[in-house]
Each structure stands twice: as C-alpha cells, then as structure tokens.
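This report refers to the structure that appears directly beneath it.
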Amino acid sequence: MKKYQIILTGLLCAANLANAQRLPLDSVLARVANNPALLAYDAKGSAQDAYATGARSLDAPKVSAGQYQVPYQLNPTGGAFMIQAEQMFTNPAKLKAKEDYMKGLSNVTKEDKNYLKNQLIAQARQYYYERVVLEKKLMQLENTQNLLEYMLKDANIRLTYGKEKLPNIYRAKADLFELDNTREQLNNEISQRNIMLNTLMNRAQQTAFTVDTTIVVKDYETVTTDTATLAGSRSDIKGINRNIELQQLNSQMEYSKRKPDFGIQAGHMQNYGGMANQYILMGSVTIPIVPWASKEYKANLKGIRYEVQELQQKKLYILNQAEGQLEGYRTDMSSKKRQLRNYQLNIIPALQNTYKTSLQAYEQNTGDLPSVLDGIKSLQAARMAALDRLQELLTLQVAYEREYEKY
C-alpha cells in the first residue's frame, strides 16, 4: 500500500510540474524588478522630485491691520487705523542652489536602488543555481535507485535458488529506502528555493515553476581587475560619487547664504481727527556677511569639506576591498574547477570501474552483493560530491558577478 502511495504522489508531482510555468534565469531576474523594496525606492525618488518642484517658492506675504499711535482717550483726535502688507524676496541664487540640492537627492536614491537591485539579483541567481543543482541531484538519485532496484530484483531471484543471503537483501532494501529520505530532503530544499525565488519576484510563494537546468560556467579566473571598470560598474561607488556631488551642491547652497535677501513693506494709515491720510512704502535688505550672521554658514562649509574627504576615503576603501575579494574569488574558482575536473576525469570513472568490476564478479558468482552495494553507494557519493563542488563554483561565480555588478 505504501508503494502505491509513493507512486501516486510521484505522479501528482509530475502532473503539477508538467503544468508549471518554465522560467529561465533571465525571466526570473527580470521579474525581480517587481520586488516591493525596489518599488519603494521608486516612490521615494518620485517624492524627492516632487519636493524639488517647490524649492523656488517664496515666503508667504504678511498682512496686518490695527490701530497706529492712537491715544487712550475715548474719542481720539490723533493716531490712525493702519493696514500694512509685507513681502520678503529670497535671493534667486539661494533658490536655485536649494532646487539643485533637492534635485540631487533623487540621484542618490537611484544609486541606492541599483545597489539593492544588485543584491536581490545576486540572491535570485544563487537560489536559481541551487535549485538547478538540486534537480541534478534528483536525477542522480533516480539513476542510483534504478541500479539498486535492478540489484534487488536479481538478488531475489538468486535467493529462490539459494545463491544469495537474506541479510544482503535486507541491506539492499535499506539502501533503497534510504534514498526516499534523501529524495524527501532534496524536494524540501527545492520547495524552499521556489518560495525564496517567488518572494523575490513578488509572486505567490507557493507558485510552482520549472527551471532551465543548463548551466554556463564562466572563466572569470582568467580576468584581471580593472579599477576604472570596477568603479564605473558598482552602484555603491556611483552612490558615493552622487553623494559627493550632493555635498558640492550643499556647499553651493551654504555659500549662497552670504547673498542678501530683499523685502518690501507698504502701509496705509487712515488718520483720526481730520488729519491727512498717510502711507508707508519701504524696502529692506538683509546683511548676512556680518560676523554674527556669517559664522553658521562658514562652519557648515568647513564641515562639508570634511564630509567630502570622508566619502573619498570610503570609496578608496570599498575599491580596495572589492579588488581583494575578486582576487580571492578567482583563486577559489580555479581550485574548485580543478577539483571538479578531478571528479569528472578520475574519481567518478574509477568508481564506475569499481562498480562494474564488482557487478561482473557478482554475475559470475565470484563476488558478493555487499561489494556491489558498496560500489553503488560510493559512486553515488562521488557524483553528489561533484555536484557539491559545482554548487560551490556557482556560488563563487554569483559572488564575483555581485562584486562587479554583472547583471
């Protein structure tokens, strides 16, 4: 009964996969643009651009009305009722500097978004490659299961003729049942990768899809690091450059504070006691260069210069760290490729020969079943280890592309 349940479950999974959408890696990466975290940066940049449109607005005018120089007597014969309006005009250079600074904020946000996008794409690549390797492991598991089922069938036939021992058959069954646990673990890990990928693509987490199991291994270990190219491709470096430009705009905004603002004041006085009506019309100008007023923007300009130096040093640090990381990745990739090649050319063929030799001896009644089972198990372990090396190589490749922002 349990066997039929396993077969039915397998058929249902196969039917679901047959109806599932096939998503190659490029399609997955394109859908990462729908991630809410990236859309949040779009909204933030739009908000900053909207704020910048109001940067050139003036202060609101001031209107006042009331008694002016009126004596306290009940029937005044002096003073007046005055209506007055006042408007300050901010220096146009200040308004332009403020507008340029506010427009520069969205440029920083765009690079912050690109930095996060690179991180999310690297995660998507990693999960996708892990899913592909897990699929390959399932295929290897299927091959091992076929070998074990063949051996178990042959052993049962031999048992009826007294040419096989019952403990050996139980061991073959145990090895076969152990594959069910391994398969369950692999299927669970595949489901986890699907959930992670669907989350990155902003889709329903349980949406089923198939992947393209074709893997392209790049030859990044032969590439030399070009600092100029690295600085031109990394969004965090571009973000620092945008921040430096923003600080320069901030410096211009602070420097514009030394320019004067202008104002105009107009008033009308309706005099009491028959005296002639009067008016007020005055202009005003601020004097920001006086020592007690200029101290603030001078201190701000000095602080901005130090902030620019900090950003420049931070950029050099990031570039230096990235160069070291890339060199380490290239060295590690070379080692992983040599190990993988050793599995493919030496270890796996040797274990295949071991299995074939033990199987031939068993068929000629000069060998035993445990030797064949050991050969199958060793061969499976080597193939799985080779796939582990492949996964490690792909992880390094993803890390390299993340550092260089190759997407």
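All residue names refer to the structure tokens as shown: chains lettered A, B, ... in order, residues numbered from 1 in each chain, ligands numbered from 1 in order.
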
Item to complete: Give the strand (DSSP E or B) residues of segment 133-310 of chain A, as DSSP finds them on the backbone, and put them as a ChimeraX atom specification.
Response: /A:209-211,262-271,278-285

Restricting it to N, CA and C atoms, dump the selection as a compact mmCIF listing (two decimals), in the first residue's frame.
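Written out: part.txt:
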# COMPACT_ATOMS: atom_id res chain seq x y z
N PHE A 209 6.93 26.33 -10.57
CA PHE A 209 7.55 26.60 -11.87
C PHE A 209 8.74 25.68 -12.04
N THR A 210 9.14 25.48 -13.28
CA THR A 210 10.31 24.67 -13.58
C THR A 210 11.46 25.58 -14.01
N VAL A 211 12.66 25.04 -13.96
CA VAL A 211 13.84 25.83 -14.27
C VAL A 211 14.59 25.22 -15.44
N PHE A 262 15.83 90.46 -0.09
CA PHE A 262 15.19 91.76 -0.21
C PHE A 262 13.73 91.68 0.24
N GLY A 263 13.22 92.84 0.66
CA GLY A 263 11.83 92.87 1.10
C GLY A 263 11.20 94.23 0.79
N ILE A 264 9.89 94.24 0.78
CA ILE A 264 9.14 95.48 0.56
C ILE A 264 7.99 95.51 1.55
N GLN A 265 7.74 96.74 2.03
CA GLN A 265 6.70 96.93 3.03
C GLN A 265 5.85 98.13 2.60
N ALA A 266 4.54 97.95 2.58
CA ALA A 266 3.63 99.03 2.19
C ALA A 266 2.50 99.09 3.21
N GLY A 267 2.10 100.35 3.55
CA GLY A 267 1.03 100.51 4.51
C GLY A 267 0.22 101.77 4.25
N HIS A 268 -1.04 101.74 4.65
CA HIS A 268 -1.94 102.89 4.51
C HIS A 268 -2.52 103.22 5.88
N MET A 269 -2.46 104.53 6.26
CA MET A 269 -2.97 104.98 7.56
C MET A 269 -4.14 105.93 7.35
N GLN A 270 -5.28 105.54 7.88
CA GLN A 270 -6.49 106.39 7.86
C GLN A 270 -6.50 107.15 9.18
N ASN A 271 -6.10 108.46 9.14
CA ASN A 271 -5.90 109.24 10.36
C ASN A 271 -7.23 109.69 10.97
N GLN A 278 -1.97 109.02 5.52
CA GLN A 278 -0.54 108.82 5.26
C GLN A 278 -0.30 107.40 4.74
N TYR A 279 0.89 107.19 4.20
CA TYR A 279 1.24 105.85 3.74
C TYR A 279 2.69 105.54 4.08
N ILE A 280 2.99 104.24 4.02
CA ILE A 280 4.36 103.77 4.25
C ILE A 280 4.76 102.94 3.04
N LEU A 281 5.93 103.15 2.50
CA LEU A 281 6.49 102.34 1.42
C LEU A 281 7.99 102.23 1.65
N MET A 282 8.43 101.04 2.06
CA MET A 282 9.83 100.87 2.45
C MET A 282 10.39 99.59 1.83
N GLY A 283 11.64 99.62 1.50
CA GLY A 283 12.35 98.43 1.05
C GLY A 283 13.34 98.00 2.13
N SER A 284 13.70 96.71 2.13
CA SER A 284 14.65 96.21 3.13
C SER A 284 15.62 95.24 2.47
N VAL A 285 16.77 95.05 3.07
CA VAL A 285 17.79 94.15 2.59
C VAL A 285 18.50 93.54 3.79

Practice prompt. Rank A:Lys163, A:Arg389, A:Arg31, A:Lys153 by their smallest atom-to-atom distance to Thr366 of chain A, using only C-alpha atoms, and report the top residue only.
Written response: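 Ranking A:Lys163, A:Arg389, A:Arg31, A:Lys153 by distance to Thr366 of chain A, first place goes to A:Lys163.
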
Would you mind listing what lies within 12 Å of Met139 of chain A as a PDB file with N, CA and C atoms, in the first residue's frame, with only C-alpha atoms counted and same-chain residues fewer than 5 positions away left out?
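This went into out-v3.pdb:
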ATOM      1  N   VAL A 132      18.790  24.400  -9.561  1.00  0.00           N
ATOM      2  CA  VAL A 132      19.258  23.601 -10.700  1.00  0.00           C
ATOM      3  C   VAL A 132      20.112  22.429 -10.213  1.00  0.00           C
ATOM      4  N   VAL A 133      21.031  22.681  -9.290  1.00  0.00           N
ATOM      5  CA  VAL A 133      21.900  21.616  -8.785  1.00  0.00           C
ATOM      6  C   VAL A 133      21.083  20.562  -8.032  1.00  0.00           C
ATOM      7  N   LEU A 134      20.076  21.027  -7.301  1.00  0.00           N
ATOM      8  CA  LEU A 134      19.198  20.077  -6.605  1.00  0.00           C
ATOM      9  C   LEU A 134      18.458  19.188  -7.599  1.00  0.00           C
ATOM     10  N   THR A 144      20.671   6.046  -9.269  1.00  0.00           N
ATOM     11  CA  THR A 144      21.056   5.127  -8.197  1.00  0.00           C
ATOM     12  C   THR A 144      19.910   4.197  -7.834  1.00  0.00           C
ATOM     13  N   GLN A 145      18.682   4.763  -7.793  1.00  0.00           N
ATOM     14  CA  GLN A 145      17.515   3.933  -7.484  1.00  0.00           C
ATOM     15  C   GLN A 145      17.335   2.831  -8.521  1.00  0.00           C
ATOM     16  N   ASN A 146      17.514   3.136  -9.781  1.00  0.00           N
ATOM     17  CA  ASN A 146      17.393   2.116 -10.836  1.00  0.00           C
ATOM     18  C   ASN A 146      18.419   1.000 -10.652  1.00  0.00           C
ATOM     19  N   ARG A 183      15.620  11.806  -1.118  1.00  0.00           N
ATOM     20  CA  ARG A 183      14.730  12.451  -2.080  1.00  0.00           C
ATOM     21  C   ARG A 183      13.804  13.454  -1.376  1.00  0.00           C
ATOM     22  N   LEU A 186      15.800  16.551  -0.637  1.00  0.00           N
ATOM     23  CA  LEU A 186      16.043  17.339  -1.848  1.00  0.00           C
ATOM     24  C   LEU A 186      14.780  18.055  -2.297  1.00  0.00           C
ATOM     25  N   ASN A 187      13.639  17.366  -2.259  1.00  0.00           N
ATOM     26  CA  ASN A 187      12.377  18.013  -2.641  1.00  0.00           C
ATOM     27  C   ASN A 187      12.027  19.155  -1.703  1.00  0.00           C
ATOM     28  N   THR A 213      17.828  23.716 -16.603  1.00  0.00           N
ATOM     29  CA  THR A 213      18.949  23.071 -15.917  1.00  0.00           C
ATOM     30  C   THR A 213      20.282  23.240 -16.648  1.00  0.00           C
ATOM     31  N   GLN A 380      27.539   6.931  -6.020  1.00  0.00           N
ATOM     32  CA  GLN A 380      26.556   7.996  -5.767  1.00  0.00           C
ATOM     33  C   GLN A 380      27.174   9.115  -4.940  1.00  0.00           C
ATOM     34  N   ARG A 383      29.387  11.270  -7.121  1.00  0.00           N
ATOM     35  CA  ARG A 383      28.618  12.132  -8.020  1.00  0.00           C
ATOM     36  C   ARG A 383      27.963  13.283  -7.260  1.00  0.00           C
ATOM     37  N   MET A 384      27.456  13.003  -6.069  1.00  0.00           N
ATOM     38  CA  MET A 384      26.871  14.070  -5.246  1.00  0.00           C
ATOM     39  C   MET A 384      27.943  15.066  -4.817  1.00  0.00           C
ATOM     40  N   LEU A 387      28.665  17.377  -7.615  1.00  0.00           N
ATOM     41  CA  LEU A 387      27.625  18.402  -7.720  1.00  0.00           C
ATOM     42  C   LEU A 387      27.777  19.451  -6.615  1.00  0.00           C
TER      43      LEU A 387
END

Determine which residues of segment 32-173 of chain A receive a DSSP assignment of alpha helix (DSSP H), computed from the backbone, and state them as a compact mmCIF listing (two decimals) with N, CA and C atoms, in the first residue's frame.
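Below you can see selection-v2.txt, which holds the result:
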# COMPACT_ATOMS: atom_id res chain seq x y z
N PRO A 36 8.95 44.61 -3.90
CA PRO A 36 8.45 45.82 -3.21
C PRO A 36 9.56 46.74 -2.71
N ALA A 37 10.70 46.16 -2.33
CA ALA A 37 11.79 47.00 -1.83
C ALA A 37 12.29 47.96 -2.92
N LEU A 38 12.34 47.47 -4.17
CA LEU A 38 12.77 48.33 -5.28
C LEU A 38 11.69 49.35 -5.63
N LEU A 39 10.44 48.92 -5.59
CA LEU A 39 9.34 49.86 -5.87
C LEU A 39 9.28 50.95 -4.81
N ALA A 40 9.69 50.63 -3.59
CA ALA A 40 9.72 51.65 -2.53
C ALA A 40 10.74 52.74 -2.87
N TYR A 41 11.88 52.34 -3.44
CA TYR A 41 12.88 53.34 -3.84
C TYR A 41 12.34 54.22 -4.97
N ASP A 42 11.56 53.62 -5.89
CA ASP A 42 10.96 54.43 -6.95
C ASP A 42 10.03 55.49 -6.36
N ALA A 43 9.23 55.08 -5.38
CA ALA A 43 8.31 56.03 -4.75
C ALA A 43 9.09 57.12 -4.00
N LYS A 44 10.17 56.71 -3.34
CA LYS A 44 10.98 57.69 -2.61
C LYS A 44 11.60 58.71 -3.57
N GLY A 45 12.13 58.24 -4.71
CA GLY A 45 12.70 59.15 -5.70
C GLY A 45 11.67 60.09 -6.28
N SER A 46 10.46 59.58 -6.54
CA SER A 46 9.38 60.43 -7.04
C SER A 46 9.01 61.49 -6.03
N ALA A 47 9.00 61.11 -4.74
CA ALA A 47 8.69 62.07 -3.69
C ALA A 47 9.75 63.17 -3.64
N GLN A 48 11.01 62.80 -3.75
CA GLN A 48 12.08 63.80 -3.71
C GLN A 48 12.00 64.74 -4.91
N ASP A 49 11.67 64.21 -6.08
CA ASP A 49 11.50 65.07 -7.25
C ASP A 49 10.31 66.02 -7.06
N ALA A 50 9.26 65.50 -6.42
CA ALA A 50 8.09 66.36 -6.17
C ALA A 50 8.44 67.48 -5.19
N TYR A 51 9.21 67.15 -4.17
CA TYR A 51 9.62 68.18 -3.21
C TYR A 51 10.48 69.26 -3.89
N ALA A 52 11.28 68.83 -4.87
CA ALA A 52 12.18 69.78 -5.54
C ALA A 52 11.40 70.82 -6.34
N PRO A 92 17.39 85.01 -5.62
CA PRO A 92 17.23 83.94 -6.63
C PRO A 92 18.37 82.93 -6.62
N ALA A 93 19.59 83.36 -6.29
CA ALA A 93 20.72 82.43 -6.25
C ALA A 93 20.51 81.39 -5.14
N LYS A 94 19.93 81.81 -4.03
CA LYS A 94 19.64 80.87 -2.94
C LYS A 94 18.59 79.85 -3.38
N LEU A 95 17.57 80.32 -4.07
CA LEU A 95 16.50 79.43 -4.50
C LEU A 95 17.02 78.41 -5.51
N LYS A 96 17.86 78.86 -6.43
CA LYS A 96 18.41 77.93 -7.42
C LYS A 96 19.31 76.89 -6.75
N ALA A 97 20.14 77.34 -5.80
CA ALA A 97 21.03 76.40 -5.11
C ALA A 97 20.22 75.37 -4.32
N LYS A 98 19.13 75.83 -3.70
CA LYS A 98 18.27 74.90 -2.95
C LYS A 98 17.60 73.90 -3.90
N GLU A 99 17.15 74.38 -5.05
CA GLU A 99 16.50 73.49 -6.02
C GLU A 99 17.48 72.44 -6.54
N ASP A 100 18.70 72.87 -6.87
CA ASP A 100 19.70 71.93 -7.37
C ASP A 100 20.02 70.86 -6.32
N TYR A 101 20.10 71.27 -5.07
CA TYR A 101 20.40 70.32 -4.00
C TYR A 101 19.27 69.29 -3.86
N MET A 102 18.04 69.77 -3.88
CA MET A 102 16.91 68.85 -3.71
C MET A 102 16.77 67.91 -4.91
N LYS A 103 17.11 68.39 -6.11
CA LYS A 103 17.09 67.50 -7.27
C LYS A 103 18.18 66.43 -7.16
N GLY A 104 19.30 66.79 -6.54
CA GLY A 104 20.39 65.83 -6.38
C GLY A 104 20.07 64.68 -5.44
N LEU A 105 19.09 64.87 -4.55
CA LEU A 105 18.73 63.81 -3.61
C LEU A 105 18.21 62.57 -4.34
N SER A 106 17.42 62.76 -5.38
CA SER A 106 16.86 61.61 -6.10
C SER A 106 17.95 60.83 -6.85
N ASN A 107 19.04 61.51 -7.24
CA ASN A 107 20.14 60.80 -7.90
C ASN A 107 20.80 59.80 -6.94
N VAL A 108 20.94 60.20 -5.68
CA VAL A 108 21.48 59.29 -4.66
C VAL A 108 20.54 58.12 -4.46
N THR A 109 19.24 58.41 -4.42
CA THR A 109 18.24 57.35 -4.22
C THR A 109 18.28 56.35 -5.36
N LYS A 110 18.49 56.81 -6.59
CA LYS A 110 18.55 55.90 -7.74
C LYS A 110 19.71 54.92 -7.59
N GLU A 111 20.86 55.41 -7.14
CA GLU A 111 22.01 54.51 -6.97
C GLU A 111 21.80 53.58 -5.79
N ASP A 112 21.12 54.05 -4.75
CA ASP A 112 20.79 53.15 -3.63
C ASP A 112 19.87 52.03 -4.11
N LYS A 113 18.94 52.39 -5.00
CA LYS A 113 18.05 51.36 -5.56
C LYS A 113 18.86 50.36 -6.40
N ASN A 114 19.78 50.86 -7.22
CA ASN A 114 20.60 49.97 -8.05
C ASN A 114 21.45 49.03 -7.19
N TYR A 115 21.94 49.55 -6.06
CA TYR A 115 22.74 48.71 -5.16
C TYR A 115 21.89 47.58 -4.60
N LEU A 116 20.67 47.91 -4.14
CA LEU A 116 19.78 46.88 -3.62
C LEU A 116 19.37 45.91 -4.72
N LYS A 117 19.13 46.43 -5.91
CA LYS A 117 18.76 45.57 -7.04
C LYS A 117 19.86 44.56 -7.32
N ASN A 118 21.11 44.99 -7.26
CA ASN A 118 22.23 44.07 -7.48
C ASN A 118 22.25 42.97 -6.42
N GLN A 119 21.97 43.35 -5.16
CA GLN A 119 21.95 42.35 -4.09
C GLN A 119 20.82 41.34 -4.31
N LEU A 120 19.64 41.84 -4.69
CA LEU A 120 18.49 40.95 -4.90
C LEU A 120 18.72 40.02 -6.10
N ILE A 121 19.33 40.56 -7.16
CA ILE A 121 19.61 39.73 -8.33
C ILE A 121 20.64 38.65 -7.98
N ALA A 122 21.63 39.01 -7.17
CA ALA A 122 22.60 38.00 -6.73
C ALA A 122 21.91 36.90 -5.93
N GLN A 123 20.97 37.29 -5.06
CA GLN A 123 20.22 36.29 -4.30
C GLN A 123 19.42 35.38 -5.25
N ALA A 124 18.79 36.00 -6.25
CA ALA A 124 17.99 35.22 -7.20
C ALA A 124 18.88 34.25 -7.98
N ARG A 125 20.03 34.71 -8.42
CA ARG A 125 20.97 33.82 -9.12
C ARG A 125 21.36 32.64 -8.21
N GLN A 126 21.68 32.97 -6.96
CA GLN A 126 22.11 31.93 -6.03
C GLN A 126 21.03 30.88 -5.82
N TYR A 127 19.80 31.32 -5.55
CA TYR A 127 18.70 30.38 -5.33
C TYR A 127 18.40 29.58 -6.60
N TYR A 128 18.49 30.24 -7.76
CA TYR A 128 18.20 29.54 -9.02
C TYR A 128 19.24 28.45 -9.27
N TYR A 129 20.53 28.78 -9.09
CA TYR A 129 21.57 27.78 -9.30
C TYR A 129 21.44 26.64 -8.30
N GLU A 130 21.08 26.96 -7.06
CA GLU A 130 20.89 25.92 -6.06
C GLU A 130 19.74 25.00 -6.48
N ARG A 131 18.67 25.61 -7.01
CA ARG A 131 17.54 24.80 -7.49
C ARG A 131 17.99 23.89 -8.64
N VAL A 132 18.79 24.40 -9.56
CA VAL A 132 19.26 23.60 -10.70
C VAL A 132 20.11 22.43 -10.21
N VAL A 133 21.03 22.68 -9.29
CA VAL A 133 21.90 21.62 -8.78
C VAL A 133 21.08 20.56 -8.03
N LEU A 134 20.08 21.03 -7.30
CA LEU A 134 19.20 20.08 -6.61
C LEU A 134 18.46 19.19 -7.60
N GLU A 135 18.03 19.78 -8.72
CA GLU A 135 17.39 18.97 -9.77
C GLU A 135 18.36 17.92 -10.31
N LYS A 136 19.61 18.30 -10.50
CA LYS A 136 20.60 17.35 -10.99
C LYS A 136 20.85 16.25 -9.96
N LYS A 137 20.80 16.61 -8.69
CA LYS A 137 20.97 15.59 -7.65
C LYS A 137 19.80 14.61 -7.67
N LEU A 138 18.59 15.11 -7.93
CA LEU A 138 17.44 14.21 -8.04
C LEU A 138 17.62 13.23 -9.20
N MET A 139 18.18 13.72 -10.30
CA MET A 139 18.43 12.84 -11.45
C MET A 139 19.46 11.77 -11.08
N GLN A 140 20.51 12.16 -10.36
CA GLN A 140 21.50 11.17 -9.92
C GLN A 140 20.87 10.16 -8.99
N LEU A 141 19.97 10.65 -8.14
CA LEU A 141 19.27 9.76 -7.21
C LEU A 141 18.42 8.74 -7.97
N GLU A 142 17.79 9.20 -9.05
CA GLU A 142 16.98 8.32 -9.87
C GLU A 142 17.85 7.21 -10.50
N ASN A 143 19.04 7.58 -10.95
CA ASN A 143 19.95 6.58 -11.52
C ASN A 143 20.36 5.55 -10.48
N THR A 144 20.67 6.05 -9.27
CA THR A 144 21.06 5.13 -8.20
C THR A 144 19.91 4.20 -7.83
N GLN A 145 18.68 4.76 -7.79
CA GLN A 145 17.51 3.93 -7.48
C GLN A 145 17.34 2.83 -8.52
N ASN A 146 17.51 3.14 -9.78
CA ASN A 146 17.39 2.12 -10.84
C ASN A 146 18.42 1.00 -10.65
N LEU A 147 19.65 1.39 -10.29
CA LEU A 147 20.68 0.38 -10.06
C LEU A 147 20.32 -0.52 -8.89
N LEU A 148 19.85 0.10 -7.78
CA LEU A 148 19.51 -0.68 -6.59
C LEU A 148 18.32 -1.59 -6.86
N GLU A 149 17.32 -1.09 -7.57
CA GLU A 149 16.15 -1.93 -7.88
C GLU A 149 16.55 -3.11 -8.76
N TYR A 150 17.46 -2.88 -9.69
CA TYR A 150 17.94 -3.98 -10.53
C TYR A 150 18.65 -5.02 -9.69
N MET A 151 19.53 -4.55 -8.79
CA MET A 151 20.28 -5.48 -7.95
C MET A 151 19.35 -6.24 -7.01
N LEU A 152 18.34 -5.54 -6.46
CA LEU A 152 17.41 -6.19 -5.55
C LEU A 152 16.59 -7.26 -6.28
N LYS A 153 16.17 -6.96 -7.49
CA LYS A 153 15.41 -7.92 -8.28
C LYS A 153 16.26 -9.15 -8.59
N ASP A 154 17.51 -8.90 -8.97
CA ASP A 154 18.41 -10.01 -9.28
C ASP A 154 18.69 -10.83 -8.03
N ALA A 155 18.85 -10.15 -6.88
CA ALA A 155 19.15 -10.85 -5.62
C ALA A 155 17.97 -11.72 -5.19
N ASN A 156 16.76 -11.23 -5.37
CA ASN A 156 15.57 -12.01 -5.01
C ASN A 156 15.47 -13.29 -5.86
N ILE A 157 15.83 -13.18 -7.12
CA ILE A 157 15.83 -14.36 -7.99
C ILE A 157 16.88 -15.36 -7.49
N ARG A 158 18.06 -14.85 -7.14
CA ARG A 158 19.12 -15.72 -6.65
C ARG A 158 18.73 -16.38 -5.33
N LEU A 159 17.96 -15.60 -4.49
CA LEU A 159 17.55 -16.14 -3.19
C LEU A 159 16.70 -17.39 -3.35
N THR A 160 15.85 -17.39 -4.36
CA THR A 160 14.98 -18.56 -4.56
C THR A 160 15.78 -19.81 -4.92
N LEU A 166 19.79 -13.77 2.82
CA LEU A 166 18.70 -12.85 3.16
C LEU A 166 19.19 -11.53 3.76
N PRO A 167 20.21 -11.51 4.65
CA PRO A 167 20.69 -10.22 5.18
C PRO A 167 21.16 -9.25 4.10
N ASN A 168 21.75 -9.80 3.04
CA ASN A 168 22.19 -8.93 1.94
C ASN A 168 21.00 -8.28 1.24
N ILE A 169 19.91 -9.01 1.12
CA ILE A 169 18.71 -8.44 0.51
C ILE A 169 18.13 -7.34 1.39
N TYR A 170 18.11 -7.58 2.70
CA TYR A 170 17.62 -6.54 3.62
C TYR A 170 18.49 -5.28 3.54
N ARG A 171 19.78 -5.50 3.39
CA ARG A 171 20.66 -4.32 3.27
C ARG A 171 20.35 -3.54 1.99
N ALA A 172 20.12 -4.26 0.87
CA ALA A 172 19.79 -3.60 -0.39
C ALA A 172 18.47 -2.82 -0.25
N LYS A 173 17.50 -3.42 0.47
CA LYS A 173 16.24 -2.72 0.69
C LYS A 173 16.45 -1.47 1.54

Fill in: Best match for closeness to Thr182 of chain A among A:Ile348, A:Lys302, A:Pro288, A:Ala381, counting only C-alpha atoms
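The answer is A:Ala381, which sits nearest to Thr182 of chain A.
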
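Distances from A:Thr395, A:Thr354, A:Asn202, A:Gln312 to Asp332 of chain A were compared using only C-alpha atoms, and the smallest one belongs to A:Thr395.
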
Item to complete: Using atom CA of Arg56 of chain A and atom CA of Arg258 of chain A as the two end points, give the distance in Å to one decimal.
Response: 17.7 Å

Fill in: Selected residue, from A:Ala65, A:Asp212, A:Glu86, A:Asn181, that lies nearest to Ser27 of chain A when counting only C-alpha atoms
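With only C-alpha atoms as the atom set, the closest residue is A:Asp212.
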
Worksheet item: Quick one: distance from atom CA of Glu245 of chain A to atom CA of Gln309 of chain A in Å, one decimal?
Response: 12.3 Å

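The space between atom CA of Ala231 of chain A and atom CA of Leu316 of chain A spans 9.7 Å.
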
Determine, counting only C-alpha atoms, which protein, DNA and RNA residues have an atom within 12 Å of an atom of Ala228 of chain A; residues of the same chain fewer than 6 positions away are not included. Present the result as an mmCIF file with C-alpha atoms, in the first residue's frame.
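The new file out00.cif reads:
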data_model
loop_
_atom_site.group_PDB
_atom_site.id
_atom_site.type_symbol
_atom_site.label_atom_id
_atom_site.label_comp_id
_atom_site.auth_asym_id
_atom_site.auth_seq_id
_atom_site.Cartn_x
_atom_site.Cartn_y
_atom_site.Cartn_z
ATOM 1 C CA ARG A 234 29.468 49.334 -8.966
ATOM 2 C CA ILE A 237 30.716 53.613 -5.813
ATOM 3 C CA LYS A 238 28.342 55.558 -8.045
ATOM 4 C CA LEU A 316 39.021 54.032 -1.893
ATOM 5 C CA LEU A 319 37.520 49.613 -4.164
ATOM 6 C CA GLU A 323 39.806 44.090 -5.575
ATOM 7 C CA TYR A 404 31.306 43.501 -10.492
#

Practice prompt. Find, counting only C-alpha atoms, the residue in A:Glu392, A:Thr222, A:Gln252, A:Tyr272 that gets nearest to Gln69 of chain A.
Written response: A:Tyr272

Item to complete: Please identify all polymer residues within 10 Å of Leu58 of chain A, counting only C-alpha atoms, omitting same-chain residues fewer than 3 positions from it, and present them as a count of residues only.
Response: 10
